[in-house]
Structures are given as structure tokens and as C-alpha cells.
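For reference, the structure discussed in these notes is given below.
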Amino acid sequence: MLFYLLSIPNLLIQQLMSSRRKFLNDSIAGTLSLGLLGVNATVVASSETCATQRPTTKGMDKALVISTWNHGLVANDAAWQVIGKGGRAIDAVEQGVKLVEADPKVTSVGYGGLPDRDGKVTLDACIMDEKGNGGAVCFLQHIKHPISVARKVMDETPHVILAGAGALRFALDHGFEKENLLTPGAKAAWEKWKKEAAYKPIINVENHDTIGLLAMDQHGDIAGACTTSGLAYKMHGRVGDSPILGAGLFVDNEVGGATATGMGEAVLKTLGSFLVVELMRQGRTPAEACKEAVMRIIKKQKYKDIQVGYIAINKEGAYGSYCIHPGFNYALLQNGKQGVMVDADYYKG
Ligand code: ASP
């Protein structure tokens, strides 16, 4: 559950996290040794080195999919449908997150997402491929699959980001259907929230879980996708980190990829995903790089009542994560094996 937690005691953070941890306890026994913290792969130190070390199509043993939160399990499975058949990482990441966008039970992504303070569901998404191309949409309404619109922005325009009405017009021009994304459940939650929360530009306790998904295909190519309805009950017009290349997601196929979840403002101010990838370029493991990016937030921002989590993969097929508070987890699928949930390591003060 999200993680824009302002002005609430740590105890409440712990409570919000407990259901997630329960799920984990049931599902990941024995999986932590997979290497969450012990990622010991050698990270390529420069693009020159990288070019000589590119994994080949034997790369099934390195191919992997990793994504944020419990909804990542099904997303990873969908992504693997593409990768397992020798498909491209970019197609895999799009297919993976689309499943979550379409699920009305996921109240933080796409259809069924909790609305902003005005009762509008506004969506942010971005995607990056192995060639360094990127596309994004932000403040997009009425379209169930913002990730596919972002992909079209990447593939079919000279631009990177389309916003609001322009993004909607572009989507409609490209055959996307205009839909009501506010489900009865999300509307009821918003109406309840309105009774309890004053309409002020201070966000109280919201629930949110962006899906960020990174994949490396059998050719060793890396792509990523990130999609969200943003913070619940945010101010109308607010755009978070998720559609911003370098903040919510960054991929450099020479090095690796990273994606973020949690309080977007903190991620934006540190350009967290770009930072993680650059740290990996300098030789940090994915876990070390994620930790350093979280530490930047901890050192420079008020971090006690917010959550931010990063996941990352490198060119060697190593992965890692780190977050501020306990409770963030991610889904991992490697070599076509059964997917598992892994608890992220966190700051212990
Ligand atoms: N990062 C998202 C945002 O700020 C929310 C989340 O992942 O919880 O919009």
C-alpha cells in the first residue's frame, strides 16, 4: 500500500506494511537467499567494456523480470510469456504492466485507481527500450492503458512526453477508447475520504503502489515500464515521478535499469532511477546502488513519514532493491522458474 505517509507515526507505517509482510511470510520462505542483498555480479564499468561483454542468446539463464509489489507476480508472468518465447524485453514490460493497469482491484494503477481530490483518475506512465528510446504520458485521463500510449509516443512521435488533454487526443487518434476509469469502489473510497480530509494541499495518509517492471530478455537486452494512478487524492494536475525518465524509471542497456515506487516528490528531487543506473555504471551492485539512492533522500529530505523503494537490475542479470521503511517488496521471475516475492532491505537508522 502506498506510501505517501505524511504526519503519521511510524507505528502506522508498520501497520500498513503488515499485510504485505504476512503475504511475504507465506510465500517467500527460502527465497531471500536468492540474492536480494548478496548480489555479487560484476558490473560493467564502462560502455566499452560492456560492448565486449554483451550476453548472447544463450542468455536464458540471465533473462529475468522484476517488478514492484505483489501485483508484480502476475505482471512478471505476463512479461515472461513474451521473453520465454524469445521476444523483446520492451514488449514484455508493456504486456506485463498492462495486466495490472486493467485490474480494477489494483487501486493504484490504471482502471480502478483511486482518484485525485476532484474525483478524477489521472494516470502517469513511461517506458524505455534497449536503444535508449523513451516515451511517457502524464496527467492522462480516461485511457485504461497509459503504458501503451507511452509506447506509441516513443515509437510514433519525435517527442518523449505528452500530457493531459494533448495525451488524451493523441491516444484517441491512435485508436484507444475513452473509458470511465473510476470504479464504484474507488468512487466510494474517494467520497469517504472527502468527508474526513480537508481539501488542502497537504496530503495525509494515502495508499499507493505504482508498478515498475524491469526485464532482461534472452538477448541480454533490458527495458522497463512504470505506470500509476499516482498518489490517491493528490491535487488535480499533480504529476509524480512515474512518467519522468530518470525519476520513476531509467534504462541504459549498457548498464542496467531501475524503477521507483513511493513518494514521487522525493524521487523527483533526487532523480532516483537515473542515479541508481549511474551508480551501477560506476561499479555498484544493484542493491548497493538502490541503497545509495535511498540514502540521498534520507540525507537531504524529511524521510521519516514517507516511503520510497527502488528495484534495479544490471547487465549481468543481477538484481537488488532498497527502501526507506520495512514493507516494500518486489516480485522476481528468473529463468522461467516460479515467481517469488522478495522483501526489500530497508534503512535501519
Ligand atoms: N510514485 C508514485 C507517485 O508518486 C506513487 C507510488 O508509487 O506509491 O505518483
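Identifiers for the C-alpha cells are assigned positionally: chains receive A, B, ... in sequence, residues are indexed from 1 per chain, and ligands are indexed from 1 in the order shown.
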
Q: Pick out the residues sitting within 7 Å of Ala293 (chain A), and hand them over as a ChimeraX atom specification; count only C-alpha atoms, and ignore anything fewer than 3 positions along from it in its own chain.
A: /A:272,275-276,289-290,296-297

Q: Kindly work out which residues sit at most 9 Å from ligand 1, using only C-alpha atoms and all ligand atoms, and give the list as JSON, numbers by chain.
A: {"A": [1, 2, 3, 4, 68, 108, 123, 124, 206, 207, 208, 209, 210, 211, 212, 227, 228, 229, 230, 231, 232, 234, 238, 239, 240, 241, 242, 243, 248, 260, 261, 262, 263, 264, 265, 266, 267, 268, 307, 308, 309]}

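Omitting Pro146 (chain A) and its sequence neighbours fewer than 4 positions away, and counting only C-alpha atoms, the residues within 9 Å are Lys98, Glu101, Gly110, Leu123, Asp124, Ala125, Cys126, Ala136, Val137, Cys138, Leu140, Gln141, Ala150, Arg151, Ala171, Thr227 and Thr228 of chain A.
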
Keeping N, CA and C atoms, export the residues of the selection given above as a compact mmCIF listing (two decimals), in the first residue's frame.
```txt
# COMPACT_ATOMS: atom_id res chain seq x y z
N LYS A 98 0.43 -4.03 -18.38
CA LYS A 98 -0.95 -3.85 -18.86
C LYS A 98 -1.95 -4.67 -18.04
N GLU A 101 -2.69 -2.66 -15.07
CA GLU A 101 -3.50 -1.49 -15.42
C GLU A 101 -4.98 -1.85 -15.59
N GLY A 110 -3.91 2.46 -13.23
CA GLY A 110 -4.89 2.32 -14.31
C GLY A 110 -6.34 2.27 -13.86
N LEU A 123 -3.61 9.51 -14.83
CA LEU A 123 -2.60 8.45 -14.92
C LEU A 123 -1.27 8.97 -15.45
N ASP A 124 -0.20 8.36 -14.93
CA ASP A 124 1.18 8.67 -15.35
C ASP A 124 1.85 7.36 -15.76
N ALA A 125 2.61 7.38 -16.84
CA ALA A 125 3.31 6.15 -17.24
C ALA A 125 4.50 6.49 -18.12
N CYS A 126 5.52 5.66 -18.07
CA CYS A 126 6.60 5.79 -19.04
C CYS A 126 7.22 4.43 -19.35
N ALA A 136 6.42 8.73 -22.72
CA ALA A 136 5.69 8.90 -21.47
C ALA A 136 4.41 9.68 -21.68
N VAL A 137 3.47 9.42 -20.79
CA VAL A 137 2.28 10.27 -20.71
C VAL A 137 2.08 10.65 -19.26
N CYS A 138 1.55 11.83 -19.04
CA CYS A 138 1.25 12.21 -17.66
C CYS A 138 -0.06 12.98 -17.62
N LEU A 140 -2.92 11.91 -17.71
CA LEU A 140 -3.81 11.38 -18.76
C LEU A 140 -5.07 10.81 -18.11
N GLN A 141 -6.21 11.16 -18.65
CA GLN A 141 -7.48 10.64 -18.12
C GLN A 141 -8.17 9.78 -19.17
N ALA A 150 2.10 5.57 -23.90
CA ALA A 150 3.52 5.98 -23.76
C ALA A 150 4.37 5.29 -24.82
N ARG A 151 4.08 4.03 -25.06
CA ARG A 151 4.85 3.29 -26.08
C ARG A 151 4.66 3.92 -27.46
N ALA A 171 -4.03 9.71 -27.83
CA ALA A 171 -4.48 8.33 -27.61
C ALA A 171 -5.72 8.04 -28.46
N THR A 227 3.98 2.50 -14.38
CA THR A 227 2.64 3.06 -14.60
C THR A 227 1.88 3.15 -13.29
N THR A 228 1.11 4.22 -13.14
CA THR A 228 0.48 4.50 -11.84
C THR A 228 -0.71 5.45 -12.01
```

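Here CA of Glu196 (chain A) and CA of Asp118 (chain A) stand 14.5 Å from one another.
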
In region 79-287 of chain A, what's strand (DSSP E or B) per DSSP? Answer as a tab-separated table (two decimals) with N, CA, C and O atoms, in the first residue's frame?
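Ended up saving to states02.tsv:
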```tsv
chain	number	residue	atom	x	y	z
A	123	LEU	N	-3.61	9.51	-14.83
A	123	LEU	CA	-2.60	8.45	-14.92
A	123	LEU	C	-1.27	8.97	-15.45
A	123	LEU	O	-1.22	9.86	-16.31
A	124	ASP	N	-0.20	8.36	-14.93
A	124	ASP	CA	1.18	8.67	-15.35
A	124	ASP	C	1.85	7.36	-15.76
A	124	ASP	O	1.70	6.36	-15.06
A	125	ALA	N	2.61	7.38	-16.84
A	125	ALA	CA	3.31	6.15	-17.24
A	125	ALA	C	4.50	6.49	-18.12
A	125	ALA	O	4.49	7.51	-18.83
A	126	CYS	N	5.52	5.66	-18.07
A	126	CYS	CA	6.60	5.79	-19.04
A	126	CYS	C	7.22	4.43	-19.35
A	126	CYS	O	7.02	3.45	-18.62
A	127	ILE	N	7.94	4.41	-20.44
A	127	ILE	CA	8.52	3.15	-20.93
A	127	ILE	C	9.86	3.48	-21.58
A	127	ILE	O	10.03	4.56	-22.15
A	128	MET	N	10.82	2.58	-21.44
A	128	MET	CA	12.12	2.77	-22.12
A	128	MET	C	12.58	1.45	-22.71
A	128	MET	O	12.43	0.40	-22.09
A	134	GLY	N	12.58	6.46	-25.25
A	134	GLY	CA	11.64	6.55	-24.14
A	134	GLY	C	10.38	7.27	-24.55
A	134	GLY	O	10.39	8.12	-25.45
A	135	GLY	N	9.28	6.92	-23.91
A	135	GLY	CA	8.02	7.61	-24.15
A	135	GLY	C	7.25	7.69	-22.86
A	135	GLY	O	7.40	6.82	-21.99
A	136	ALA	N	6.42	8.73	-22.72
A	136	ALA	CA	5.69	8.90	-21.47
A	136	ALA	C	4.41	9.68	-21.68
A	136	ALA	O	4.29	10.46	-22.63
A	137	VAL	N	3.47	9.42	-20.79
A	137	VAL	CA	2.28	10.27	-20.71
A	137	VAL	C	2.08	10.65	-19.26
A	137	VAL	O	2.43	9.88	-18.35
A	138	CYS	N	1.55	11.83	-19.04
A	138	CYS	CA	1.25	12.21	-17.66
A	138	CYS	C	-0.06	12.98	-17.62
A	138	CYS	O	-0.48	13.55	-18.62
A	139	PHE	N	-0.70	12.92	-16.46
A	139	PHE	CA	-1.98	13.59	-16.27
A	139	PHE	C	-2.97	13.18	-17.37
A	139	PHE	O	-3.74	13.97	-17.88
A	140	LEU	N	-2.92	11.91	-17.71
A	140	LEU	CA	-3.81	11.38	-18.76
A	140	LEU	C	-5.07	10.81	-18.11
A	140	LEU	O	-4.98	10.06	-17.13
A	161	ILE	N	7.36	13.10	-23.95
A	161	ILE	CA	6.24	13.16	-23.01
A	161	ILE	C	5.06	13.90	-23.62
A	161	ILE	O	5.23	15.00	-24.18
A	162	LEU	N	3.87	13.33	-23.51
A	162	LEU	CA	2.65	14.07	-23.81
A	162	LEU	C	1.83	14.13	-22.53
A	162	LEU	O	1.75	13.15	-21.78
A	163	ALA	N	1.19	15.28	-22.31
A	163	ALA	CA	0.48	15.50	-21.05
A	163	ALA	C	-0.99	15.82	-21.28
A	163	ALA	O	-1.36	16.39	-22.30
A	205	VAL	N	-2.81	10.64	4.67
A	205	VAL	CA	-2.38	9.24	4.54
A	205	VAL	C	-3.03	8.65	3.30
A	205	VAL	O	-4.24	8.55	3.21
A	206	GLU	N	-2.27	8.32	2.34
A	206	GLU	CA	-2.82	7.77	1.10
A	206	GLU	C	-2.26	6.37	0.88
A	206	GLU	O	-1.28	5.98	1.51
A	211	ILE	N	3.27	0.25	-10.28
A	211	ILE	CA	4.04	-0.89	-10.78
A	211	ILE	C	5.17	-0.38	-11.68
A	211	ILE	O	4.94	0.35	-12.64
A	212	GLY	N	6.38	-0.75	-11.27
A	212	GLY	CA	7.56	-0.54	-12.11
A	212	GLY	C	8.08	-1.91	-12.44
A	212	GLY	O	8.21	-2.77	-11.55
A	213	LEU	N	8.34	-2.17	-13.71
A	213	LEU	CA	8.77	-3.52	-14.12
A	213	LEU	C	9.99	-3.41	-15.02
A	213	LEU	O	10.01	-2.62	-15.97
A	214	LEU	N	11.00	-4.20	-14.70
A	214	LEU	CA	12.23	-4.24	-15.49
A	214	LEU	C	12.40	-5.65	-16.03
A	214	LEU	O	12.13	-6.62	-15.32
A	215	ALA	N	12.86	-5.76	-17.27
A	215	ALA	CA	13.06	-7.10	-17.84
A	215	ALA	C	14.35	-7.14	-18.64
A	215	ALA	O	14.71	-6.17	-19.31
A	216	MET	N	15.01	-8.28	-18.57
A	216	MET	CA	16.12	-8.56	-19.49
A	216	MET	C	15.74	-9.79	-20.29
A	216	MET	O	15.38	-10.82	-19.72
A	222	ILE	N	17.69	-4.96	-22.14
A	222	ILE	CA	16.92	-4.51	-20.97
A	222	ILE	C	15.90	-3.44	-21.38
A	222	ILE	O	16.21	-2.55	-22.17
A	223	ALA	N	14.70	-3.55	-20.81
A	223	ALA	CA	13.68	-2.50	-20.99
A	223	ALA	C	12.94	-2.34	-19.67
A	223	ALA	O	13.05	-3.18	-18.77
A	224	GLY	N	12.18	-1.25	-19.57
A	224	GLY	CA	11.42	-1.02	-18.34
A	224	GLY	C	10.13	-0.27	-18.60
A	224	GLY	O	9.99	0.43	-19.62
A	225	ALA	N	9.18	-0.45	-17.69
A	225	ALA	CA	7.90	0.26	-17.78
A	225	ALA	C	7.47	0.63	-16.37
A	225	ALA	O	7.75	-0.09	-15.41
A	226	CYS	N	6.78	1.75	-16.26
A	226	CYS	CA	6.34	2.23	-14.95
A	226	CYS	C	4.98	2.89	-15.15
A	226	CYS	O	4.82	3.74	-16.04
A	227	THR	N	3.98	2.50	-14.38
A	227	THR	CA	2.64	3.06	-14.60
A	227	THR	C	1.88	3.15	-13.29
A	227	THR	O	1.99	2.28	-12.43
A	228	THR	N	1.11	4.22	-13.14
A	228	THR	CA	0.48	4.50	-11.84
A	228	THR	C	-0.71	5.45	-12.01
A	228	THR	O	-0.78	6.21	-12.99
A	245	LEU	N	11.33	10.10	-17.10
A	245	LEU	CA	12.51	9.28	-17.34
A	245	LEU	C	13.62	9.77	-16.42
A	245	LEU	O	13.90	10.97	-16.34
A	249	LEU	N	11.72	5.81	-13.60
A	249	LEU	CA	12.28	4.69	-14.40
A	249	LEU	C	13.48	5.18	-15.18
A	249	LEU	O	13.48	6.31	-15.69
A	250	PHE	N	14.49	4.35	-15.27
A	250	PHE	CA	15.57	4.64	-16.20
A	250	PHE	C	16.23	3.35	-16.65
A	250	PHE	O	16.42	2.43	-15.84
A	251	VAL	N	16.51	3.28	-17.94
A	251	VAL	CA	17.17	2.10	-18.51
A	251	VAL	C	18.33	2.58	-19.37
A	251	VAL	O	18.17	3.48	-20.20
A	252	ASP	N	19.48	2.01	-19.16
A	252	ASP	CA	20.60	2.16	-20.09
A	252	ASP	C	21.09	0.76	-20.37
A	252	ASP	O	21.64	0.09	-19.49
A	256	GLY	N	22.13	-1.21	-17.07
A	256	GLY	CA	21.03	-1.84	-16.35
A	256	GLY	C	19.81	-0.93	-16.32
A	256	GLY	O	19.71	0.02	-17.09
A	257	GLY	N	18.92	-1.22	-15.41
A	257	GLY	CA	17.71	-0.42	-15.29
A	257	GLY	C	17.29	-0.31	-13.83
A	257	GLY	O	17.67	-1.12	-12.99
A	258	ALA	N	16.49	0.73	-13.56
A	258	ALA	CA	15.98	0.93	-12.19
A	258	ALA	C	14.60	1.55	-12.27
A	258	ALA	O	14.27	2.26	-13.23
A	259	THR	N	13.79	1.28	-11.26
A	259	THR	CA	12.48	1.91	-11.19
A	259	THR	C	12.12	2.14	-9.73
A	259	THR	O	12.68	1.50	-8.84
A	260	ALA	N	11.19	3.07	-9.53
A	260	ALA	CA	10.89	3.54	-8.17
A	260	ALA	C	9.41	3.40	-7.85
A	260	ALA	O	8.55	3.43	-8.72
A	261	THR	N	9.14	3.32	-6.56
A	261	THR	CA	7.78	3.43	-6.06
A	261	THR	C	7.83	4.22	-4.76
A	261	THR	O	8.88	4.30	-4.12
A	262	GLY	N	6.71	4.79	-4.40
A	262	GLY	CA	6.68	5.57	-3.17
A	262	GLY	C	6.46	7.04	-3.45
A	262	GLY	O	5.90	7.40	-4.49
```

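Near Asn180 (chain A), within a cut-off of 10 Å and counting only C-alpha atoms, sit the residues Tyr111, Gly112, Lys120, Val121, Gln141, His142, Ile143 and Lys144 of chain A, with same-chain residues fewer than 4 positions away left out.
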